[in-house]
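S.K.: Here it is: the structure, laid out below.
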Amino acid sequence: MSADPSLRTVKAWPFEEATKVADRLAAAPKPEGGALFETGYGPSGLPHIGTFGEVARTTWVRRAFERMTGLPARLLAFSDDMDALRKVPDNVPNKEMLTGHLGRPLTAIPDPFGTHDSFGAHNNARLQAFLDAFGFDYEFASSTEYYRGGRFDAALLRMAERHEEVRGVILPTLGPDRRATYSPFLPIHPETGLVMQVPMEEVRPAEDLLVWIDPDTGKRHGTRITGGHCKAQWKADWALRWYALGVDYEMSGKDLIDSVKLSGQICRVLGGQPPVGFTYELFLDENGGKISKSKGNGLTIDEWLRYAPPESLAQFMYGQPQRAKRLYFDVIPRAVDDYLANLEKLKATPDGANPAWHIHNGSSNDPGSPISFAMLLNLASVVNAEGSDILWGFIGRYAPGVTAESHPMLARLAEHAVAYYRDFVAPQKRHRAPSAVERSALEDLLAALRALPAESDAEAIQALLYEVGKRHEFASLRDWFSCLYQVLLGQQEGPRFGGFVALYGIPGTIGLIESALAREIAA
């Protein structure tokens, strides 16, 4: 790929981040060339919506770097599968069996699902299947394999040589009791297989040896530093990885700011340069509270994908990652329609400032959708759709020649719209009675629509709606359009009403108004 230095001037955060990586390599070129991007994963649980966000965002920076510099770049999805199991997850079978293995590395624990050699291997497979399902381009890395295979041996010995300096970074952050026992090394117990968090009696890098005492038995042990016989504690482990692998870029959440700082200091103690970092904000629930797995607030990725395509989730993840955003069901329609609008812009003009440019790696031939998701939701609401088939009769009239085969995105959106309507819109539908002013305006609109040619397009209908609204004593036209949604559709708001009338049809809309006025008379 040829370099395009002009991309440095693009006002988009992935290019701003890519510029930092390019400057880092320009200051200290690697013998092998290129850059290493990393994202980490704790495999004691299953992949989640935050996993998608971190890998997607890192991917966008990686692609921006490649296009800007013409240099190759790799994305390493690193699994911390040598970590000890601290508690039994709620969403797994055979919990009693797992309880007997607490404290052991995840890859040394039987798989409670019975499908893989270990619990760590099971969750690693789930991670890779998750990433593959979204088409991410990455290399998978297992902490266990890297430790046991010798990839970290030199770095571990280096950490042993700098043992006291590394401790000096961490000790000021610990309480008195923990400070007295802290070591960056966690030896694996040769008899129990437990990951031991104990003080080091001796650290002998020249002999590849850690000396420690089992607090339960008082027995003295000598453990090799290399070969997977020990691992590093969390912050030291992160620094070890950066140093050993030469990681150039890694993102992390706001909750890890202090860890990033300390790991960066340890990386420098080892003689390395910590990667370029990017801190993203965490998600909030609809009330502005922090999302918690135990509380079950917020959205899961499966829930998002039930109601919208993955491209819309990418759109949501792209916007302002350093700003806290509420992640709940109501944000989905807006994210879908923002994505559709950006897709249309991308097809017209490839622009690196467009989120769709990053989502589709520069270009897309996807025909998108001639109908917004919000419009499909309104249609599903009016016809009380139980399946997407009923929507296609209206779609075919509104956009002749458009089919599920010619527009697969629209086909997916129709299915999603029905699901979203059924679960969220239908339970909230409440048609209210019109006020005297609204009733007069609706009667006026009824007459105007009856006189309007049946083939009138959305713009002509929208202009008519404005004219009718202006003829009546509304405080603002916003109140008039609120009336249309609340009285006719039983919803608080929606997209341009002229577009909805064009999609649903003038005769159908006349019927909605007649029914609304009849209900009021009957009441």
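Every chain in the structure tokens takes a letter, A first, then B, and so on in the order presented; its residues are numbered from 1, and the ligands are numbered from 1 following the presented order.
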Can you list every residue in stretch 142-388 of chain A that DSSP puts in strand (DSSP E), as a PyMOL selection string?
M.R.: chain A and resi 142+185-187+202-204+209-213+220-224+230-232+249-253+276-280+283-284+325-326
S.K.: Counting only C-alpha atoms, what is within 9 Å of A:Tyr243, bar same-chain residues fewer than 4 positions away, as a list of chain:residue names?
M.R.: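 Within the cut-off, the hits are A:Ala155, A:Trp238, A:Ala239, A:Val247, A:Cys267, A:Arg268, A:Leu270, A:Gly271, A:Gly272, A:Gln273, A:Pro274.
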S.K.: For stretch 491-497 of chain A, list every protein, DNA or RNA residue within 7 Å, evaluated using only C-alpha atoms, and leave out those in the same chain fewer than 6 positions away; present the list as an MDAnalysis selection string.
M.R.: chainID A and resid 374:375 429:430 462 482 485
S.K.: Export, as a PDB file, in the first residue's frame, the selected residues with all heavy atoms.
M.R.:
ATOM      1  N   ALA A 374     -35.953   4.787  11.253  1.00  0.00           N
ATOM      2  CA  ALA A 374     -37.045   5.422  11.991  1.00  0.00           C
ATOM      3  C   ALA A 374     -38.346   5.330  11.210  1.00  0.00           C
ATOM      4  O   ALA A 374     -39.418   5.119  11.783  1.00  0.00           O
ATOM      5  CB  ALA A 374     -36.701   6.881  12.282  1.00  0.00           C
ATOM      6  N   MET A 375     -38.264   5.477   9.875  1.00  0.00           N
ATOM      7  CA  MET A 375     -39.461   5.370   9.041  1.00  0.00           C
ATOM      8  C   MET A 375     -40.008   3.949   9.061  1.00  0.00           C
ATOM      9  O   MET A 375     -41.225   3.730   9.125  1.00  0.00           O
ATOM     10  CB  MET A 375     -39.123   5.772   7.619  1.00  0.00           C
ATOM     11  CG  MET A 375     -40.318   6.196   6.797  1.00  0.00           C
ATOM     12  SD  MET A 375     -40.769   7.877   7.181  1.00  0.00           S
ATOM     13  CE  MET A 375     -39.485   8.764   6.309  1.00  0.00           C
ATOM     14  N   LYS A 429     -47.164   2.405  23.015  1.00  0.00           N
ATOM     15  CA  LYS A 429     -48.075   3.159  22.146  1.00  0.00           C
ATOM     16  C   LYS A 429     -49.256   3.691  22.943  1.00  0.00           C
ATOM     17  O   LYS A 429     -49.950   2.939  23.614  1.00  0.00           O
ATOM     18  CB  LYS A 429     -48.574   2.277  20.998  1.00  0.00           C
ATOM     19  CG  LYS A 429     -47.596   2.097  19.863  1.00  0.00           C
ATOM     20  CD  LYS A 429     -48.159   1.201  18.775  1.00  0.00           C
ATOM     21  CE  LYS A 429     -49.307   1.834  18.056  1.00  0.00           C
ATOM     22  NZ  LYS A 429     -49.743   1.038  16.879  1.00  0.00           N
ATOM     23  N   ARG A 430     -49.441   4.997  22.874  1.00  0.00           N
ATOM     24  CA  ARG A 430     -50.563   5.619  23.552  1.00  0.00           C
ATOM     25  C   ARG A 430     -51.102   6.749  22.671  1.00  0.00           C
ATOM     26  O   ARG A 430     -50.479   7.803  22.547  1.00  0.00           O
ATOM     27  CB  ARG A 430     -50.127   6.201  24.912  1.00  0.00           C
ATOM     28  CG  ARG A 430     -49.573   5.192  25.893  1.00  0.00           C
ATOM     29  CD  ARG A 430     -50.674   4.270  26.438  1.00  0.00           C
ATOM     30  NE  ARG A 430     -50.138   3.385  27.483  1.00  0.00           N
ATOM     31  CZ  ARG A 430     -49.553   2.219  27.243  1.00  0.00           C
ATOM     32  NH1 ARG A 430     -49.432   1.776  25.994  1.00  0.00           N
ATOM     33  NH2 ARG A 430     -49.087   1.486  28.240  1.00  0.00           N
ATOM     34  N   GLN A 462     -44.505  17.060   2.593  1.00  0.00           N
ATOM     35  CA  GLN A 462     -43.935  17.797   3.716  1.00  0.00           C
ATOM     36  C   GLN A 462     -44.274  19.280   3.606  1.00  0.00           C
ATOM     37  O   GLN A 462     -44.600  19.930   4.607  1.00  0.00           O
ATOM     38  CB  GLN A 462     -42.414  17.603   3.753  1.00  0.00           C
ATOM     39  CG  GLN A 462     -41.728  18.163   4.983  1.00  0.00           C
ATOM     40  CD  GLN A 462     -41.967  17.327   6.234  1.00  0.00           C
ATOM     41  OE1 GLN A 462     -42.440  16.208   6.156  1.00  0.00           O
ATOM     42  NE2 GLN A 462     -41.653  17.881   7.401  1.00  0.00           N
ATOM     43  N   SER A 482     -45.614  17.307  16.594  1.00  0.00           N
ATOM     44  CA  SER A 482     -45.799  16.453  17.773  1.00  0.00           C
ATOM     45  C   SER A 482     -47.224  15.924  17.810  1.00  0.00           C
ATOM     46  O   SER A 482     -47.463  14.755  18.159  1.00  0.00           O
ATOM     47  CB  SER A 482     -45.503  17.243  19.050  1.00  0.00           C
ATOM     48  OG  SER A 482     -44.128  17.572  19.135  1.00  0.00           O
ATOM     49  N   TYR A 485     -47.612  12.889  15.445  1.00  0.00           N
ATOM     50  CA  TYR A 485     -47.055  11.634  15.966  1.00  0.00           C
ATOM     51  C   TYR A 485     -47.859  11.115  17.151  1.00  0.00           C
ATOM     52  O   TYR A 485     -48.139   9.919  17.248  1.00  0.00           O
ATOM     53  CB  TYR A 485     -45.583  11.835  16.348  1.00  0.00           C
ATOM     54  CG  TYR A 485     -44.690  11.797  15.128  1.00  0.00           C
ATOM     55  CD1 TYR A 485     -44.153  12.961  14.609  1.00  0.00           C
ATOM     56  CD2 TYR A 485     -44.444  10.594  14.481  1.00  0.00           C
ATOM     57  CE1 TYR A 485     -43.368  12.931  13.476  1.00  0.00           C
ATOM     58  CE2 TYR A 485     -43.655  10.556  13.341  1.00  0.00           C
ATOM     59  CZ  TYR A 485     -43.125  11.725  12.836  1.00  0.00           C
ATOM     60  OH  TYR A 485     -42.368  11.682  11.702  1.00  0.00           O
TER      61      TYR A 485
END
S.K.: With a cut-off of 10 Å, could you pull out the residues of stretch 348-425 of chain A touching stretch 297-313 of chain A and give me the nearest pair of atoms for each, distance in Å to one decimal, using only C-alpha atoms, ordered by chain and ascending number, as JSON lines?
M.R.:
{"residue": "A:Ala356", "atom": "CA", "partner": "A:Glu311", "partner_atom": "CA", "distance": 8.6}
{"residue": "A:Ile359", "atom": "CA", "partner": "A:Glu311", "partner_atom": "CA", "distance": 7.2}
{"residue": "A:His360", "atom": "CA", "partner": "A:Glu311", "partner_atom": "CA", "distance": 9.0}
{"residue": "A:Phe373", "atom": "CA", "partner": "A:Ala308", "partner_atom": "CA", "distance": 9.1}
{"residue": "A:Met409", "atom": "CA", "partner": "A:Pro309", "partner_atom": "CA", "distance": 8.3}
{"residue": "A:Arg412", "atom": "CA", "partner": "A:Pro309", "partner_atom": "CA", "distance": 7.3}
{"residue": "A:Leu413", "atom": "CA", "partner": "A:Ala308", "partner_atom": "CA", "distance": 6.8}
{"residue": "A:Ala414", "atom": "CA", "partner": "A:Ala308", "partner_atom": "CA", "distance": 9.7}
{"residue": "A:Glu415", "atom": "CA", "partner": "A:Tyr307", "partner_atom": "CA", "distance": 8.2}
{"residue": "A:His416", "atom": "CA", "partner": "A:Tyr307", "partner_atom": "CA", "distance": 4.6}
{"residue": "A:Ala417", "atom": "CA", "partner": "A:Tyr307", "partner_atom": "CA", "distance": 6.8}
{"residue": "A:Val418", "atom": "CA", "partner": "A:Tyr307", "partner_atom": "CA", "distance": 8.5}
{"residue": "A:Ala419", "atom": "CA", "partner": "A:Tyr307", "partner_atom": "CA", "distance": 6.2}
{"residue": "A:Tyr420", "atom": "CA", "partner": "A:Tyr307", "partner_atom": "CA", "distance": 5.5}
{"residue": "A:Tyr421", "atom": "CA", "partner": "A:Tyr307", "partner_atom": "CA", "distance": 9.2}
{"residue": "A:Asp423", "atom": "CA", "partner": "A:Tyr307", "partner_atom": "CA", "distance": 9.5}
S.K.: Dump N, CA and C atoms for the selected residues as a PDB file, in the first residue's frame?
M.R.:
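The resulting again_24.pdb:
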ATOM      1  N   ALA A 356     -18.254   6.136   8.221  1.00  0.00           N
ATOM      2  CA  ALA A 356     -18.448   4.982   7.327  1.00  0.00           C
ATOM      3  C   ALA A 356     -17.165   4.657   6.562  1.00  0.00           C
ATOM      4  N   ILE A 359     -15.491   2.380   8.966  1.00  0.00           N
ATOM      5  CA  ILE A 359     -16.249   1.141   9.131  1.00  0.00           C
ATOM      6  C   ILE A 359     -16.053   0.224   7.930  1.00  0.00           C
ATOM      7  N   HIS A 360     -15.957   0.821   6.710  1.00  0.00           N
ATOM      8  CA  HIS A 360     -15.835   0.038   5.474  1.00  0.00           C
ATOM      9  C   HIS A 360     -14.447   0.115   4.846  1.00  0.00           C
ATOM     10  N   PHE A 373     -34.407   3.872   9.135  1.00  0.00           N
ATOM     11  CA  PHE A 373     -34.856   2.913  10.146  1.00  0.00           C
ATOM     12  C   PHE A 373     -36.020   3.493  10.943  1.00  0.00           C
ATOM     13  N   MET A 409     -29.323  -4.733   2.985  1.00  0.00           N
ATOM     14  CA  MET A 409     -29.340  -3.945   4.213  1.00  0.00           C
ATOM     15  C   MET A 409     -30.770  -3.582   4.586  1.00  0.00           C
ATOM     16  N   ARG A 412     -32.507  -6.527   6.078  1.00  0.00           N
ATOM     17  CA  ARG A 412     -32.143  -6.734   7.484  1.00  0.00           C
ATOM     18  C   ARG A 412     -32.832  -5.717   8.384  1.00  0.00           C
ATOM     19  N   LEU A 413     -32.903  -4.471   7.906  1.00  0.00           N
ATOM     20  CA  LEU A 413     -33.520  -3.427   8.707  1.00  0.00           C
ATOM     21  C   LEU A 413     -35.006  -3.681   8.913  1.00  0.00           C
ATOM     22  N   ALA A 414     -35.659  -4.225   7.906  1.00  0.00           N
ATOM     23  CA  ALA A 414     -37.082  -4.531   8.044  1.00  0.00           C
ATOM     24  C   ALA A 414     -37.300  -5.565   9.143  1.00  0.00           C
ATOM     25  N   GLU A 415     -36.447  -6.589   9.173  1.00  0.00           N
ATOM     26  CA  GLU A 415     -36.550  -7.599  10.232  1.00  0.00           C
ATOM     27  C   GLU A 415     -36.274  -6.972  11.600  1.00  0.00           C
ATOM     28  N   HIS A 416     -35.229  -6.150  11.660  1.00  0.00           N
ATOM     29  CA  HIS A 416     -34.880  -5.503  12.927  1.00  0.00           C
ATOM     30  C   HIS A 416     -36.006  -4.571  13.390  1.00  0.00           C
ATOM     31  N   ALA A 417     -36.609  -3.852  12.437  1.00  0.00           N
ATOM     32  CA  ALA A 417     -37.661  -2.900  12.796  1.00  0.00           C
ATOM     33  C   ALA A 417     -38.849  -3.610  13.437  1.00  0.00           C
ATOM     34  N   VAL A 418     -39.213  -4.745  12.893  1.00  0.00           N
ATOM     35  CA  VAL A 418     -40.335  -5.509  13.466  1.00  0.00           C
ATOM     36  C   VAL A 418     -39.997  -5.952  14.888  1.00  0.00           C
ATOM     37  N   ALA A 419     -38.786  -6.443  15.083  1.00  0.00           N
ATOM     38  CA  ALA A 419     -38.376  -6.891  16.421  1.00  0.00           C
ATOM     39  C   ALA A 419     -38.364  -5.717  17.400  1.00  0.00           C
ATOM     40  N   TYR A 420     -37.821  -4.589  16.965  1.00  0.00           N
ATOM     41  CA  TYR A 420     -37.743  -3.415  17.840  1.00  0.00           C
ATOM     42  C   TYR A 420     -39.143  -2.904  18.157  1.00  0.00           C
ATOM     43  N   TYR A 421     -40.004  -2.850  17.130  1.00  0.00           N
ATOM     44  CA  TYR A 421     -41.381  -2.394  17.352  1.00  0.00           C
ATOM     45  C   TYR A 421     -42.090  -3.294  18.359  1.00  0.00           C
ATOM     46  N   ASP A 423     -40.943  -5.217  20.705  1.00  0.00           N
ATOM     47  CA  ASP A 423     -40.428  -5.238  22.072  1.00  0.00           C
ATOM     48  C   ASP A 423     -40.447  -3.882  22.772  1.00  0.00           C
TER      49      ASP A 423
END
S.K.: Point out the residue among A:Val169, A:Val331, A:Ala433, A:Leu186 with the least atom-to-atom distance to A:Ile266, counting only C-alpha atoms.
M.R.: A:Val169
S.K.: Please identify all polymer residues within 9 Å of A:Asp366, counting only C-alpha atoms, omitting same-chain residues fewer than 2 positions from it, and present them as an mmCIF file with C-alpha atoms, in the first residue's frame.
M.R.:
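Result went into out38.cif, see below:
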data_model
loop_
_atom_site.group_PDB
_atom_site.id
_atom_site.type_symbol
_atom_site.label_atom_id
_atom_site.label_comp_id
_atom_site.auth_asym_id
_atom_site.auth_seq_id
_atom_site.Cartn_x
_atom_site.Cartn_y
_atom_site.Cartn_z
ATOM 1 C CA LEU A 343 -22.908 5.286 4.049
ATOM 2 C CA LYS A 347 -20.565 6.272 -1.767
ATOM 3 C CA SER A 364 -18.399 0.428 -0.005
ATOM 4 C CA GLY A 368 -27.775 0.818 1.773
ATOM 5 C CA SER A 369 -31.423 1.615 2.332
ATOM 6 C CA HIS A 407 -30.989 -4.160 -1.000
ATOM 7 C CA PRO A 408 -29.913 -6.696 1.648
ATOM 8 C CA MET A 409 -29.340 -3.945 4.213
#
S.K.: Just checking: using only C-alpha atoms, which residue out of A:Gly401, A:Gly505, A:Pro205, A:Gly264 ends up closest to A:Ala160?
M.R.: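 Using only C-alpha atoms, the shortest distance to A:Ala160 belongs to A:Pro205.
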S.K.: Find the spatial neighbours of stretch 221-236 of chain A, counting only C-alpha atoms, within a cut-off of 9 Å - ignore same-chain residues fewer than 6 positions away - and output them as a PyMOL selection string.
M.R.: chain A and resi 82-83+144-154+156-157+159-160+166+170+183-190+195-197+203-205+207-214+259-260+262-264+266-267
S.K.: How would the residues just chosen look if you wrote them out with C-alpha atoms as a CSV table (one decimal), in the first residue's frame?
M.R.:
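Now in out26.csv:
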chain,number,residue,atom,x,y,z
A,82,MET,CA,-2.6,-17.6,32.4
A,83,ASP,CA,-4.4,-15.5,35.0
A,144,THR,CA,0.0,-19.3,28.5
A,145,GLU,CA,1.6,-20.1,25.1
A,146,TYR,CA,3.8,-17.0,25.2
A,147,TYR,CA,5.0,-17.8,28.8
A,148,ARG,CA,5.5,-21.5,28.2
A,149,GLY,CA,7.0,-21.0,24.7
A,150,GLY,CA,9.7,-18.7,25.9
A,151,ARG,CA,8.5,-15.5,24.2
A,152,PHE,CA,8.7,-13.7,27.5
A,153,ASP,CA,11.8,-15.4,28.9
A,154,ALA,CA,14.3,-12.6,28.2
A,156,LEU,CA,11.2,-12.0,32.6
A,157,LEU,CA,14.9,-12.2,33.4
A,159,MET,CA,12.5,-7.9,35.2
A,160,ALA,CA,14.3,-10.1,37.7
A,166,VAL,CA,9.9,-2.5,39.6
A,170,ILE,CA,4.3,-0.2,42.6
A,183,SER,CA,6.7,-8.9,44.1
A,184,PRO,CA,6.0,-8.5,40.4
A,185,PHE,CA,6.4,-12.3,40.1
A,186,LEU,CA,3.7,-14.9,40.7
A,187,PRO,CA,5.2,-18.4,40.9
A,188,ILE,CA,3.1,-21.4,39.9
A,189,HIS,CA,3.0,-23.8,42.8
A,190,PRO,CA,4.8,-27.0,41.7
A,195,VAL,CA,-0.8,-19.0,41.1
A,196,MET,CA,1.0,-17.9,44.3
A,197,GLN,CA,0.9,-14.3,45.5
A,203,VAL,CA,15.4,-13.4,43.2
A,204,ARG,CA,18.4,-14.8,41.3
A,205,PRO,CA,18.2,-13.8,37.6
A,207,GLU,CA,20.4,-18.7,38.1
A,208,ASP,CA,16.9,-18.3,36.5
A,209,LEU,CA,15.4,-18.8,40.0
A,210,LEU,CA,12.8,-17.4,42.4
A,211,VAL,CA,12.9,-18.6,46.0
A,212,TRP,CA,9.7,-18.3,48.1
A,213,ILE,CA,7.9,-20.0,51.0
A,214,ASP,CA,4.5,-21.6,50.9
A,259,SER,CA,-2.7,1.1,35.6
A,260,VAL,CA,-1.6,2.5,32.3
A,262,LEU,CA,2.2,2.4,36.4
A,263,SER,CA,2.7,-0.1,33.6
A,264,GLY,CA,4.3,2.6,31.5
A,266,ILE,CA,7.7,-0.3,34.7
A,267,CYS,CA,8.2,-0.6,30.9
S.K.: Can you tell me how far atom CA of A:Pro333 sits from atom CA of A:Leu449, in Å to one decimal?
M.R.: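 Straight-line distance from atom CA of A:Pro333 to atom CA of A:Leu449 works out to 28.8 Å.
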S.K.: Rank A:Gln486, A:Asn124, A:Asn287, A:Thr349 by their smallest atom-to-atom distance to A:Lys325, using only C-alpha atoms, and report the top residue only.
M.R.: A:Asn287
S.K.: Could you pull the residues within 12 Å of A:Ala56, counting only C-alpha atoms, minus those fewer than 3 positions along the same chain, as a PyMOL selection string?
M.R.: chain A and resi 14+37-39+49-53+59-63+75+77+131+134-138+251+310-311+313-318+321+355+358-361
S.K.: Of the candidates A:Ala206, A:Leu484, A:Ile506, A:Leu71, which shows the shortest atom-to-atom distance to A:Ser456, using only C-alpha atoms?
M.R.: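 Comparing A:Ala206, A:Leu484, A:Ile506, A:Leu71 against A:Ser456, the winner is A:Ile506.
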S.K.: For A:Arg397, work out the shell of residues within 12 Å, counting only C-alpha atoms and skipping chain neighbours fewer than 4 positions away, then give it as a list in words.
M.R.: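 Counting only the stated atoms, we get Leu391, Trp392, Gly393, Gly401, Val402, Thr403, Ala454, Glu455, Asp457, Ala502, Leu503, Tyr504, Gly505 and Ile506 of chain A.
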S.K.: Using only C-alpha atoms, can you tell me which of A:Pro275, A:Gly319, A:Pro215, A:Gly42 comes closest to A:Arg24?
M.R.: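 Looking at the shortest contact to A:Arg24, the residue is A:Pro275.
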S.K.: Could the residues of stretch 490-515 of chain A that have an atom at most 12 Å from stretch 434-445 of chain A be listed as a tab-separated table, each with its closest atom pair and the distance in Å to one decimal, counting only C-alpha atoms and ordered by chain and ascending residue number?
M.R.:
residue	atom	partner	partner_atom	distance
A:Gly490	CA	A:Pro434	CA	11.6
A:Ile506	CA	A:Leu445	CA	11.2
A:Thr509	CA	A:Leu445	CA	10.2
A:Ile510	CA	A:Leu445	CA	8.8
A:Gly511	CA	A:Leu442	CA	11.9
A:Leu512	CA	A:Leu442	CA	10.4
A:Ile513	CA	A:Leu442	CA	6.9
A:Glu514	CA	A:Glu443	CA	8.7
A:Ser515	CA	A:Leu442	CA	11.3
